>>> print(open('final.pdb').read())   # PDB, C-alpha atoms and all ligand atoms
ATOM      1  CA  MET U 131     101.757 188.136 -23.139
ATOM      2  CA  THR U 132     102.284 187.789 -26.864
ATOM      3  CA  ALA U 133     105.000 189.417 -28.918
ATOM      4  CA  PRO U 134     104.346 192.729 -30.625
ATOM      5  CA  ALA U 135     104.810 192.997 -34.372
ATOM      6  CA  SER U 136     108.347 193.606 -35.578
ATOM      7  CA  GLY U 137     109.267 197.218 -36.140
ATOM      8  CA  PRO U 138     111.966 198.764 -38.277
ATOM      9  CA  ALA U 139     115.514 198.777 -36.921
ATOM     10  CA  ARG U 140     115.919 201.785 -34.658
ATOM     11  CA  ASN U 141     118.328 203.083 -32.082
ATOM     12  CA  GLU U 142     117.272 206.231 -30.332
ATOM     13  CA  TYR U 143     120.593 206.314 -28.438
ATOM     14  CA  ASP U 144     122.630 207.033 -31.549
ATOM     15  CA  HIS U 145     122.432 210.812 -31.195
ATOM     16  CA  PRO U 146     125.237 213.032 -29.850
ATOM     17  CA  SER U 147     122.943 215.006 -27.520
ATOM     18  CA  ILE U 148     121.341 211.908 -26.058
ATOM     19  CA  ALA U 149     124.750 210.331 -25.523
ATOM     20  CA  ALA U 150     126.074 213.543 -23.955
ATOM     21  CA  ALA U 151     123.179 213.711 -21.468
ATOM     22  CA  TYR U 152     123.064 209.991 -20.664
ATOM     23  CA  ASP U 153     125.452 209.770 -17.713
ATOM     24  CA  ALA U 154     123.923 212.741 -15.896
ATOM     25  CA  GLU U 155     120.481 211.161 -16.256
ATOM     26  CA  ASN U 156     121.675 207.684 -15.268
ATOM     27  CA  ALA U 157     123.750 208.071 -12.141
ATOM     28  CA  TRP U 158     125.736 205.195 -10.640
ATOM     29  CA  GLY U 159     123.358 203.114  -8.529
ATOM     30  CA  ARG U 160     122.591 199.880  -6.691
ATOM     31  CA  ASP U 161     122.203 198.096 -10.012
ATOM     32  CA  ASP U 162     125.768 198.985 -11.013
ATOM     33  CA  GLU U 163     127.023 197.824  -7.590
ATOM     34  CA  PHE U 164     125.156 194.547  -8.086
ATOM     35  CA  PHE U 165     126.726 193.867 -11.493
ATOM     36  CA  LEU U 166     130.203 194.875 -10.287
ATOM     37  CA  ALA U 167     129.905 192.569  -7.234
ATOM     38  CA  LEU U 168     128.620 189.734  -9.383
ATOM     39  CA  ALA U 169     131.560 190.113 -11.785
ATOM     40  CA  ALA U 170     133.893 190.012  -8.769
ATOM     41  CA  GLU U 171     132.644 186.474  -8.081
ATOM     42  CA  THR U 172     134.750 185.529 -11.130
ATOM     43  CA  PRO U 173     137.992 187.472 -10.515
ATOM     44  CA  SER U 174     139.996 188.686 -13.534
ATOM     45  CA  SER U 175     137.288 187.378 -15.835
ATOM     46  CA  ARG U 176     136.768 188.090 -19.501
ATOM     47  CA  VAL U 177     133.588 190.183 -19.559
ATOM     48  CA  LEU U 178     131.349 191.051 -22.508
ATOM     49  CA  ASP U 179     129.191 194.121 -21.827
ATOM     50  CA  LEU U 180     126.494 194.039 -24.522
ATOM     51  CA  GLY U 181     124.744 197.380 -24.992
ATOM     52  CA  CYS U 182     127.539 199.047 -23.040
ATOM     53  CA  GLY U 183     126.322 202.533 -23.983
ATOM     54  CA  THR U 184     128.565 205.285 -22.636
ATOM     55  CA  GLY U 185     130.611 202.679 -20.795
ATOM     56  CA  ARG U 186     129.730 203.743 -17.235
ATOM     57  CA  LEU U 187     129.935 200.188 -15.915
ATOM     58  CA  THR U 188     132.274 198.915 -18.638
ATOM     59  CA  VAL U 189     135.131 201.160 -17.555
ATOM     60  CA  ALA U 190     134.515 200.345 -13.875
ATOM     61  CA  LEU U 191     134.717 196.614 -14.671
ATOM     62  CA  ALA U 192     138.061 197.149 -16.407
ATOM     63  CA  ALA U 193     139.332 199.222 -13.461
ATOM     64  CA  ALA U 194     138.368 196.299 -11.190
ATOM     65  CA  GLY U 195     140.785 194.059 -13.074
ATOM     66  CA  HIS U 196     138.544 192.321 -15.594
ATOM     67  CA  SER U 197     139.365 192.022 -19.277
ATOM     68  CA  VAL U 198     136.401 193.847 -20.772
ATOM     69  CA  THR U 199     134.840 194.172 -24.218
ATOM     70  CA  GLY U 200     132.049 196.696 -24.663
ATOM     71  CA  VAL U 201     129.698 196.242 -27.621
ATOM     72  CA  ASP U 202     127.040 198.726 -28.717
ATOM     73  CA  PRO U 203     125.500 199.637 -32.084
ATOM     74  CA  ALA U 204     125.181 203.348 -31.213
ATOM     75  CA  GLY U 205     128.304 205.149 -32.411
ATOM     76  CA  ALA U 206     127.416 208.263 -30.417
ATOM     77  CA  MET U 207     127.275 206.278 -27.167
ATOM     78  CA  LEU U 208     130.579 204.555 -27.937
ATOM     79  CA  ALA U 209     132.217 207.905 -28.709
ATOM     80  CA  ALA U 210     131.258 209.056 -25.196
ATOM     81  CA  ALA U 211     132.608 205.786 -23.787
ATOM     82  CA  ARG U 212     135.924 206.079 -25.598
ATOM     83  CA  ALA U 213     136.399 209.601 -24.182
ATOM     84  CA  LYS U 214     136.280 208.383 -20.570
ATOM     85  CA  PRO U 215     139.426 208.152 -18.436
ATOM     86  CA  GLU U 216     140.959 204.673 -18.710
ATOM     87  CA  ALA U 217     138.740 203.806 -21.691
ATOM     88  CA  GLU U 218     141.848 202.398 -23.349
ATOM     89  CA  LYS U 219     141.644 199.405 -20.983
ATOM     90  CA  VAL U 220     138.444 198.306 -22.751
ATOM     91  CA  THR U 221     138.036 196.774 -26.214
ATOM     92  CA  TRP U 222     135.167 198.677 -27.843
ATOM     93  CA  ILE U 223     133.149 197.182 -30.702
ATOM     94  CA  GLU U 224     130.482 199.071 -32.622
ATOM     95  CA  GLY U 225     127.962 196.342 -33.337
ATOM     96  CA  THR U 226     125.556 193.874 -31.819
ATOM     97  CA  ALA U 227     125.852 190.464 -30.138
ATOM     98  CA  ALA U 228     126.667 189.030 -33.569
ATOM     99  CA  SER U 229     129.867 191.129 -33.548
ATOM    100  CA  ALA U 230     131.247 189.569 -30.362
ATOM    101  CA  PRO U 231     134.157 187.114 -30.627
ATOM    102  CA  ARG U 232     133.137 183.486 -30.152
ATOM    103  CA  GLN U 233     133.962 181.348 -27.093
ATOM    104  CA  ALA U 234     135.881 184.274 -25.624
ATOM    105  CA  PHE U 235     134.105 185.308 -22.416
ATOM    106  CA  ASP U 236     133.496 184.061 -18.847
ATOM    107  CA  LEU U 237     130.670 186.530 -18.225
ATOM    108  CA  ALA U 238     128.224 188.472 -20.395
ATOM    109  CA  LEU U 239     126.214 191.406 -19.048
ATOM    110  CA  MET U 240     123.296 193.433 -20.346
ATOM    111  CA  THR U 241     122.684 196.246 -17.869
ATOM    112  CA  SER U 242     120.204 199.092 -17.418
ATOM    113  CA  HIS U 243     117.490 197.033 -19.109
ATOM    114  CA  VAL U 244     119.255 196.511 -22.437
ATOM    115  CA  ALA U 245     117.335 193.205 -22.653
ATOM    116  CA  GLN U 246     114.134 195.196 -23.141
ATOM    117  CA  VAL U 247     115.324 196.905 -26.348
ATOM    118  CA  PHE U 248     114.917 193.555 -28.137
ATOM    119  CA  VAL U 249     111.224 194.006 -28.783
ATOM    120  CA  ASP U 250     110.846 191.285 -31.355
ATOM    121  CA  ASP U 251     111.096 187.691 -30.113
ATOM    122  CA  ALA U 252     113.238 186.577 -33.070
ATOM    123  CA  GLU U 253     115.742 189.388 -32.381
ATOM    124  CA  TRP U 254     115.822 188.421 -28.692
ATOM    125  CA  SER U 255     116.398 184.736 -29.505
ATOM    126  CA  ASP U 256     119.138 185.609 -32.012
ATOM    127  CA  THR U 257     120.813 187.802 -29.395
ATOM    128  CA  LEU U 258     120.724 185.015 -26.803
ATOM    129  CA  ARG U 259     122.131 182.526 -29.304
ATOM    130  CA  HIS U 260     124.986 184.904 -30.212
ATOM    131  CA  LEU U 261     125.684 185.437 -26.515
ATOM    132  CA  ALA U 262     125.774 181.664 -25.969
ATOM    133  CA  GLY U 263     128.298 181.476 -28.805
ATOM    134  CA  ALA U 264     130.434 184.229 -27.290
ATOM    135  CA  LEU U 265     130.603 182.534 -23.880
ATOM    136  CA  VAL U 266     132.678 179.544 -22.854
ATOM    137  CA  PRO U 267     130.701 176.579 -21.478
ATOM    138  CA  GLY U 268     129.651 177.194 -17.872
ATOM    139  CA  ALA U 269     130.039 180.979 -18.228
ATOM    140  CA  ARG U 270     127.406 183.314 -16.834
ATOM    141  CA  LEU U 271     124.944 185.635 -18.546
ATOM    142  CA  VAL U 272     123.469 188.274 -16.226
ATOM    143  CA  PHE U 273     120.899 190.916 -17.105
ATOM    144  CA  ASP U 274     118.000 192.947 -15.751
ATOM    145  CA  SER U 275     114.524 193.301 -17.228
ATOM    146  CA  ARG U 276     111.660 195.142 -15.549
ATOM    147  CA  ASP U 277     109.004 192.790 -14.185
ATOM    148  CA  PRO U 278     105.750 193.493 -16.075
ATOM    149  CA  ALA U 279     103.862 192.636 -12.876
ATOM    150  CA  ALA U 280     105.310 195.791 -11.268
ATOM    151  CA  ARG U 281     103.850 197.984 -14.067
ATOM    152  CA  ALA U 282     106.682 200.541 -13.905
ATOM    153  CA  TRP U 283     105.295 202.370 -16.951
ATOM    154  CA  GLU U 284     102.417 203.695 -14.862
ATOM    155  CA  ASP U 285     104.878 206.246 -13.403
ATOM    156  CA  TRP U 286     106.438 207.194 -16.746
ATOM    157  CA  PRO U 287     105.641 210.406 -18.612
ATOM    158  CA  GLY U 288     104.915 210.263 -22.331
ATOM    159  CA  VAL U 289     103.537 206.713 -22.509
ATOM    160  CA  THR U 290     101.583 206.405 -25.746
ATOM    161  CA  SER U 291     100.561 202.750 -25.701
ATOM    162  CA  VAL U 292     100.670 199.701 -23.444
ATOM    163  CA  GLY U 293      99.919 196.239 -24.661
ATOM    164  CA  GLU U 294     101.061 193.121 -26.456
ATOM    165  CA  GLY U 295     103.988 192.829 -24.025
ATOM    166  CA  ALA U 296     105.493 196.201 -24.919
ATOM    167  CA  VAL U 297     105.257 199.838 -23.863
ATOM    168  CA  SER U 298     105.707 202.766 -26.265
ATOM    169  CA  PHE U 299     106.577 206.218 -25.044
ATOM    170  CA  THR U 300     107.896 209.540 -26.249
ATOM    171  CA  SER U 301     110.597 211.420 -24.372
ATOM    172  CA  THR U 302     111.636 214.986 -24.990
ATOM    173  CA  ASN U 303     115.254 216.054 -24.880
ATOM    174  CA  ALA U 304     116.481 219.646 -24.764
ATOM    175  CA  LEU U 305     119.236 220.254 -27.321
ATOM    176  CA  PRO U 306     122.123 222.725 -26.848
ATOM    177  CA  ASP U 307     120.660 225.056 -29.518
ATOM    178  CA  GLY U 308     117.465 225.408 -27.464
ATOM    179  CA  SER U 309     115.351 223.143 -29.651
ATOM    180  CA  VAL U 310     113.623 220.018 -28.365
ATOM    181  CA  LEU U 311     114.235 216.530 -29.703
ATOM    182  CA  ALA U 312     111.269 214.158 -29.327
ATOM    183  CA  VAL U 313     112.301 210.509 -29.296
ATOM    184  CA  ASP U 314     109.907 207.589 -29.692
ATOM    185  CA  SER U 315     110.917 204.416 -27.858
ATOM    186  CA  ILE U 316     109.458 200.979 -27.358
ATOM    187  CA  LEU U 317     110.483 198.538 -24.646
ATOM    188  CA  ARG U 318     109.515 194.914 -24.321
ATOM    189  CA  PHE U 319     108.343 193.605 -20.944
ATOM    190  CA  ARG U 320     108.868 189.836 -20.808
ATOM    191  CA  THR U 321     107.473 187.788 -17.965
ATOM    192  CA  GLU U 322     109.736 185.571 -15.877
ATOM    193  CA  ALA U 323     108.305 182.536 -17.692
ATOM    194  CA  GLU U 324     109.042 184.086 -21.098
ATOM    195  CA  LEU U 325     112.614 184.864 -20.069
ATOM    196  CA  ARG U 326     113.145 181.366 -18.686
ATOM    197  CA  ASP U 327     111.710 179.724 -21.827
ATOM    198  CA  SER U 328     113.802 181.856 -24.196
ATOM    199  CA  LEU U 329     116.978 181.161 -22.215
ATOM    200  CA  ALA U 330     116.333 177.408 -22.130
ATOM    201  CA  ALA U 331     115.808 177.423 -25.897
ATOM    202  CA  SER U 332     119.073 179.308 -26.491
ATOM    203  CA  GLY U 333     121.570 177.194 -24.572
ATOM    204  CA  PHE U 334     121.265 178.559 -21.026
ATOM    205  CA  THR U 335     120.308 177.120 -17.648
ATOM    206  CA  VAL U 336     118.811 179.631 -15.216
ATOM    207  CA  GLU U 337     120.758 179.819 -11.949
ATOM    208  CA  ALA U 338     118.643 182.494 -10.235
ATOM    209  CA  VAL U 339     116.069 185.198 -10.876
ATOM    210  CA  TYR U 340     115.905 188.024  -8.327
ATOM    211  CA  GLY U 341     113.292 190.725  -7.839
ATOM    212  CA  GLY U 342     115.660 193.340  -6.456
ATOM    213  CA  TRP U 343     119.252 194.472  -6.142
ATOM    214  CA  ALA U 344     119.625 192.880  -2.686
ATOM    215  CA  ARG U 345     118.752 189.519  -4.279
ATOM    216  CA  GLU U 346     115.147 189.557  -3.050
ATOM    217  CA  PRO U 347     112.722 187.019  -4.535
ATOM    218  CA  VAL U 348     110.680 187.983  -7.584
ATOM    219  CA  GLY U 349     107.727 190.101  -6.509
ATOM    220  CA  ALA U 350     109.710 191.711  -3.707
ATOM    221  CA  GLY U 351     112.530 194.212  -4.033
ATOM    222  CA  ASP U 352     112.698 196.610  -6.943
ATOM    223  CA  GLY U 353     110.212 195.358  -9.513
ATOM    224  CA  GLU U 354     113.012 193.744 -11.488
ATOM    225  CA  LEU U 355     113.686 190.383 -13.044
ATOM    226  CA  ILE U 356     117.435 190.085 -12.525
ATOM    227  CA  VAL U 357     118.537 186.940 -14.296
ATOM    228  CA  VAL U 358     121.687 184.913 -13.644
ATOM    229  CA  ALA U 359     122.050 182.135 -16.216
ATOM    230  CA  ASN U 360     124.756 179.649 -17.160
ATOM    231  CA  ARG U 361     125.844 178.739 -20.660
ATOM    232  CA  ARG U 362     125.135 175.021 -20.906
ATOM    233  CA  THR U 363     128.126 172.816 -21.525
ATOM    234  CA  ALA U 364     126.436 170.875 -24.341
TER
HETATM  235  C1  LIG U 401     119.642 202.046 -21.483
HETATM  236  S1  LIG U 401     121.110 202.007 -22.436
HETATM  237  C2  LIG U 401     122.148 201.047 -21.349
HETATM  238  C3  LIG U 401     123.625 201.406 -21.444
HETATM  239  C4  LIG U 401     124.541 200.730 -20.433
HETATM  240  N1  LIG U 401     124.384 199.285 -20.412
HETATM  241  C5  LIG U 401     124.375 201.285 -19.035
HETATM  242  O1  LIG U 401     124.284 200.509 -18.071
HETATM  243  O2  LIG U 401     124.410 202.514 -18.886
HETATM  244  C6  LIG U 401     120.677 200.860 -23.722
HETATM  245  C7  LIG U 401     121.791 200.577 -24.718
HETATM  246  O3  LIG U 401     121.395 199.482 -25.558
HETATM  247  C8  LIG U 401     121.954 199.717 -26.826
HETATM  248  N2  LIG U 401     121.317 198.902 -27.851
HETATM  249  C9  LIG U 401     120.239 199.200 -28.625
HETATM  250  N3  LIG U 401     119.999 198.211 -29.502
HETATM  251  C10 LIG U 401     120.945 197.262 -29.281
HETATM  252  C11 LIG U 401     121.250 196.004 -29.885
HETATM  253  N4  LIG U 401     120.517 195.511 -30.889
HETATM  254  N5  LIG U 401     122.308 195.306 -29.425
HETATM  255  C12 LIG U 401     123.057 195.787 -28.408
HETATM  256  N6  LIG U 401     122.821 196.980 -27.798
HETATM  257  C13 LIG U 401     121.782 197.703 -28.239
HETATM  258  C14 LIG U 401     121.763 201.206 -27.039
HETATM  259  O4  LIG U 401     122.580 201.708 -28.071
HETATM  260  C15 LIG U 401     122.102 201.746 -25.661
HETATM  261  O5  LIG U 401     123.459 202.118 -25.561
END
>>> encode(input="final.pdb", output="structure tokens")
Amino acid sequence: MTAPASGPARNEYDHPSIAAAYDAENAWGRDDEFFLALAAETPSSRVLDLGCGTGRLTVALAAAGHSVTGVDPAGAMLAAARAKPEAEKVTWIEGTAASAPRQAFDLALMTSHVAQVFVDDAEWSDTLRHLAGALVPGARLVFDSRDPAARAWEDWPGVTSVGEGAVSFTSTNALPDGSVLAVDSILRFRTEAELRDSLAASGFTVEAVYGGWAREPVGAGDGELIVVANRRTA
């Protein structure tokens, strides 16, 4: 697959109604259990949760004893995160990977397919390089990205185009005043080879790629590419 053309900066999550509805539409699941268990492999670790959103997992990581920093550019999502019980245990940063402190983390996460919001290859590479800079040598980067081979978009409503490694779709959101907010989104679907190449070029060694939340091989499981990578020491 080739990269789609760059689009203007956008963040459809930065809306109070979308942030308010997010947790109800994204219930705690096997993916969250996977990331929590993986973090537990490095007890009391310093965790960077990039694209932390409303902080569902971020707060749970802090409650589990990790020292957690949640970073997200969407102020509305962070406002929801900061309102959660025990949110004060987390350091919240409104920004992107470039905003994360350097050489400060043992583990970086991007969960619920945050990796797919980086549609443009240059933005994805920059994000990986900033994450490498935020991690100490040997630290882990773990994220999920839907496997394009599983063609998840075929079950999605509102898909407007598929191609060039990305899927565009429009979702409708009911607002409290009874009106409807239509939101256009685009998600990048990178192949396993594309993910591996981009990680290798950005200072990471791939430890494992799983196809599902029970650590199945790619092609089995849940149609995912769940990547565990290590920040190279040099
Ligand atoms: C599907 S939500 C995932 C939220 C959270 N990780 C979870 O598990 O619920 C995607 C998040 O990515 C964030 N995001 C969008 N562009 C981003 C960027 N350039 N850098 C970091 N996060 C970004 C959005 O604001 C949104 O909160």
>>> residues_around(input="final.pdb", residues="Phe164 of chain U", least_positions_apart="2", cutoff="12 Å", atoms="only C-alpha atoms", output="PyMOL selection string")
chain U and resi 158-162+166-171+187+191+239+241-242+272-274+340+342-345+356-358
>>> closest_residue(input="final.pdb", among="U:Leu258, U:Ala264, U:Ala350, U:Ala192", to="ligand LIG 401 (chain U)", atoms="only C-alpha atoms and all ligand atoms")
U:Leu258
>>> residues_near_ligand(input="final.pdb", ligand="ligand LIG 401 (chain U)", cutoff="7 Å", atoms="all atoms listed in the file", output="PyMOL selection string")
chain U and resi 141+143-144+156+180-187+201-204+207+225-227+240-244+247-248
>>> residues_around(input="final.pdb", residues="Ser197 of chain U", least_positions_apart="4", cutoff="10 Å", atoms="all atoms listed in the file", output="ChimeraX atom specification")
/U:173-178,188,191-193,219-221,235-236
>>> atom_distance(input="final.pdb", atom1="atom CA of Thr172 of chain U", atom2="atom CA of His196 of chain U")
9.0 Å
>>> atom_distance(input="final.pdb", atom1="atom CA of Glu354 of chain U", atom2="atom CA of Thr257 of chain U")
20.4 Å
>>> atom_distance(input="final.pdb", atom1="atom CA of Ile148 of chain U", atom2="atom CA of Gly308 of chain U")
14.1 Å
>>> residues_near_point(input="final.pdb", point="(121.0, 218.1, -33.1)", cutoff="10 Å", atoms="only C-alpha atoms", output="ChimeraX atom specification")
/U:145-148,304-311
>>> build_atoms(input="final.pdb", residues="segment 211-230 of chain U", atoms="N, CA and C atoms", output="PDB file, in the coordinates of the input")
ATOM      1  N   ALA U 211     131.885 206.796 -24.572  1.00  0.00           N
ATOM      2  CA  ALA U 211     132.608 205.786 -23.787  1.00  0.00           C
ATOM      3  C   ALA U 211     134.113 205.902 -24.010  1.00  0.00           C
ATOM      4  N   ARG U 212     134.490 206.034 -25.261  1.00  0.00           N
ATOM      5  CA  ARG U 212     135.924 206.079 -25.598  1.00  0.00           C
ATOM      6  C   ARG U 212     136.602 207.323 -25.026  1.00  0.00           C
ATOM      7  N   ALA U 213     135.822 208.355 -24.717  1.00  0.00           N
ATOM      8  CA  ALA U 213     136.399 209.601 -24.182  1.00  0.00           C
ATOM      9  C   ALA U 213     136.599 209.545 -22.671  1.00  0.00           C
ATOM     10  N   LYS U 214     136.163 208.464 -22.037  1.00  0.00           N
ATOM     11  CA  LYS U 214     136.280 208.383 -20.570  1.00  0.00           C
ATOM     12  C   LYS U 214     137.713 208.065 -20.150  1.00  0.00           C
ATOM     13  N   PRO U 215     138.109 208.539 -18.955  1.00  0.00           N
ATOM     14  CA  PRO U 215     139.426 208.152 -18.436  1.00  0.00           C
ATOM     15  C   PRO U 215     139.527 206.628 -18.361  1.00  0.00           C
ATOM     16  N   GLU U 216     140.656 206.112 -18.749  1.00  0.00           N
ATOM     17  CA  GLU U 216     140.959 204.673 -18.710  1.00  0.00           C
ATOM     18  C   GLU U 216     140.133 203.848 -19.699  1.00  0.00           C
ATOM     19  N   ALA U 217     139.514 204.531 -20.667  1.00  0.00           N
ATOM     20  CA  ALA U 217     138.740 203.806 -21.691  1.00  0.00           C
ATOM     21  C   ALA U 217     139.637 202.893 -22.513  1.00  0.00           C
ATOM     22  N   GLU U 218     140.929 203.210 -22.536  1.00  0.00           N
ATOM     23  CA  GLU U 218     141.848 202.398 -23.349  1.00  0.00           C
ATOM     24  C   GLU U 218     142.019 200.983 -22.790  1.00  0.00           C
ATOM     25  N   LYS U 219     141.569 200.768 -21.551  1.00  0.00           N
ATOM     26  CA  LYS U 219     141.644 199.405 -20.983  1.00  0.00           C
ATOM     27  C   LYS U 219     140.570 198.482 -21.554  1.00  0.00           C
ATOM     28  N   VAL U 220     139.591 199.069 -22.238  1.00  0.00           N
ATOM     29  CA  VAL U 220     138.444 198.306 -22.751  1.00  0.00           C
ATOM     30  C   VAL U 220     138.589 198.129 -24.265  1.00  0.00           C
ATOM     31  N   THR U 221     138.171 196.969 -24.772  1.00  0.00           N
ATOM     32  CA  THR U 221     138.036 196.774 -26.214  1.00  0.00           C
ATOM     33  C   THR U 221     136.616 197.176 -26.591  1.00  0.00           C
ATOM     34  N   TRP U 222     136.494 198.178 -27.455  1.00  0.00           N
ATOM     35  CA  TRP U 222     135.167 198.677 -27.843  1.00  0.00           C
ATOM     36  C   TRP U 222     134.816 198.161 -29.232  1.00  0.00           C
ATOM     37  N   ILE U 223     133.615 197.670 -29.396  1.00  0.00           N
ATOM     38  CA  ILE U 223     133.149 197.182 -30.702  1.00  0.00           C
ATOM     39  C   ILE U 223     131.820 197.846 -31.018  1.00  0.00           C
ATOM     40  N   GLU U 224     131.767 198.516 -32.182  1.00  0.00           N
ATOM     41  CA  GLU U 224     130.482 199.071 -32.622  1.00  0.00           C
ATOM     42  C   GLU U 224     129.723 197.969 -33.343  1.00  0.00           C
ATOM     43  N   GLY U 225     128.692 197.453 -32.732  1.00  0.00           N
ATOM     44  CA  GLY U 225     127.962 196.342 -33.337  1.00  0.00           C
ATOM     45  C   GLY U 225     126.947 195.775 -32.367  1.00  0.00           C
ATOM     46  N   THR U 226     126.550 194.557 -32.640  1.00  0.00           N
ATOM     47  CA  THR U 226     125.556 193.874 -31.819  1.00  0.00           C
ATOM     48  C   THR U 226     126.164 192.580 -31.286  1.00  0.00           C
ATOM     49  N   ALA U 227     125.339 191.735 -30.682  1.00  0.00           N
ATOM     50  CA  ALA U 227     125.852 190.464 -30.138  1.00  0.00           C
ATOM     51  C   ALA U 227     126.537 189.636 -31.224  1.00  0.00           C
ATOM     52  N   ALA U 228     126.071 189.793 -32.462  1.00  0.00           N
ATOM     53  CA  ALA U 228     126.667 189.030 -33.569  1.00  0.00           C
ATOM     54  C   ALA U 228     128.116 189.438 -33.808  1.00  0.00           C
ATOM     55  N   SER U 229     128.502 190.626 -33.326  1.00  0.00           N
ATOM     56  CA  SER U 229     129.867 191.129 -33.548  1.00  0.00           C
ATOM     57  C   SER U 229     130.852 190.624 -32.500  1.00  0.00           C
ATOM     58  N   ALA U 230     130.368 189.986 -31.455  1.00  0.00           N
ATOM     59  CA  ALA U 230     131.247 189.569 -30.362  1.00  0.00           C
ATOM     60  C   ALA U 230     132.077 188.347 -30.768  1.00  0.00           C
TER      61      ALA U 230
END
